[in-house]
Amino acid sequence: MQFIGEAQSTPIVWVLLMGKYKTILVDPPWDQKMTGQYATSQKKRKCVLPYNTMTLDDICRLPVAALADDGCHLWLWTTNQFLRAGFDVMDAWGFKYLAPVTWVKPSGLGNWFVHRTQTILFGYKPPLRMNRGRYFPTVLEAGIPRKHSEKPESSYQMIEAISDGPRVELFARPWSPLFPTRDGWDVWGNEVDSTVNLLT
């Protein structure tokens, strides 16, 4: 099956050879900006992200809905700067928002506030089915990430306890808990050896 969307003037084509997914995890490359005093006065930490980013419009245009089976769960990582945008992305992809899951870190950074939290927005493609588990707390506590954008093992454990397979992570990074492999998951991204044929 071939799915086509538009990003700027270049079409995005994702070719899905297998069936659709029951679980989609996405950590979009948000166009995070460093602003305020931190960006101008601090010299010890780079103010440039270590990966290419996408505009909000381009993220919204990704044909994620084409990968989703009925009842699919979406786990969408946001940053505090892009928390409001996360809801727009979820709407654009055809999912309904249900709940936030908040990762509380032992320490943090920030321009105006010290951000010690990051949010996963949970949504679904109707109808909502919770076949594996429910009544989980919406707070994750884990150690300090070793690399930029690294997500905690506990987040993957929560997803696997709640959401059915098959599962895919989009914009996967090589230091996620899915590597070298993790049963029941496909991965896709320009920083990894993708295990699913989503061609752009």
# chains A, B, ... in the order shown; residues from 1 in each chain; ligands from 1

call {"tool": "select_by_dssp", "arguments": {"residues": "stretch 18-151 of chain A", "states": "alpha helix (DSSP H)", "output": "VMD selection string"}}
result
chain A and resid 36 to 41 56 to 61 83 to 92

call {"tool": "residues_around", "arguments": {"residues": "A:Asp69", "least_positions_apart": "3", "cutoff": "6 Å", "atoms": "only C-alpha atoms", "output": "list in words"}}
result
Lys20, Tyr21, Lys22 and Cys72 of chain A

call {"tool": "closest_residue", "arguments": {"among": "A:Val187, A:Leu140, A:Met90, A:Ala65", "to": "A:Ile159", "atoms": "only C-alpha atoms"}}
result
A:Leu140

call {"tool": "closest_residue", "arguments": {"among": "A:Arg182, A:Trp103, A:Val114, A:Phe171", "to": "A:Thr53", "atoms": "only C-alpha atoms"}}
result
A:Phe171

call {"tool": "atom_distance", "arguments": {"atom1": "atom CA of A:Pro63", "atom2": "atom CA of A:Gly94"}}
result
9.8 Å

call {"tool": "select_by_dssp", "arguments": {"residues": "stretch 56-182 of chain A", "states": "strand (DSSP E)", "output": "ChimeraX atom specification"}}
result
/A:68-78,96-109,115-124,139-141,167-170

call {"tool": "closest_residue", "arguments": {"among": "A:Tyr97, A:Trp30, A:Trp112, A:Trp185", "to": "A:Phe82", "atoms": "only C-alpha atoms"}}
result
A:Trp30

call {"tool": "residues_around", "arguments": {"residues": "stretch 128-138 of chain A", "least_positions_apart": "6", "cutoff": "9 Å", "atoms": "only C-alpha atoms", "output": "ChimeraX atom specification"}}
result
/A:70-73,99-103,158,160-164
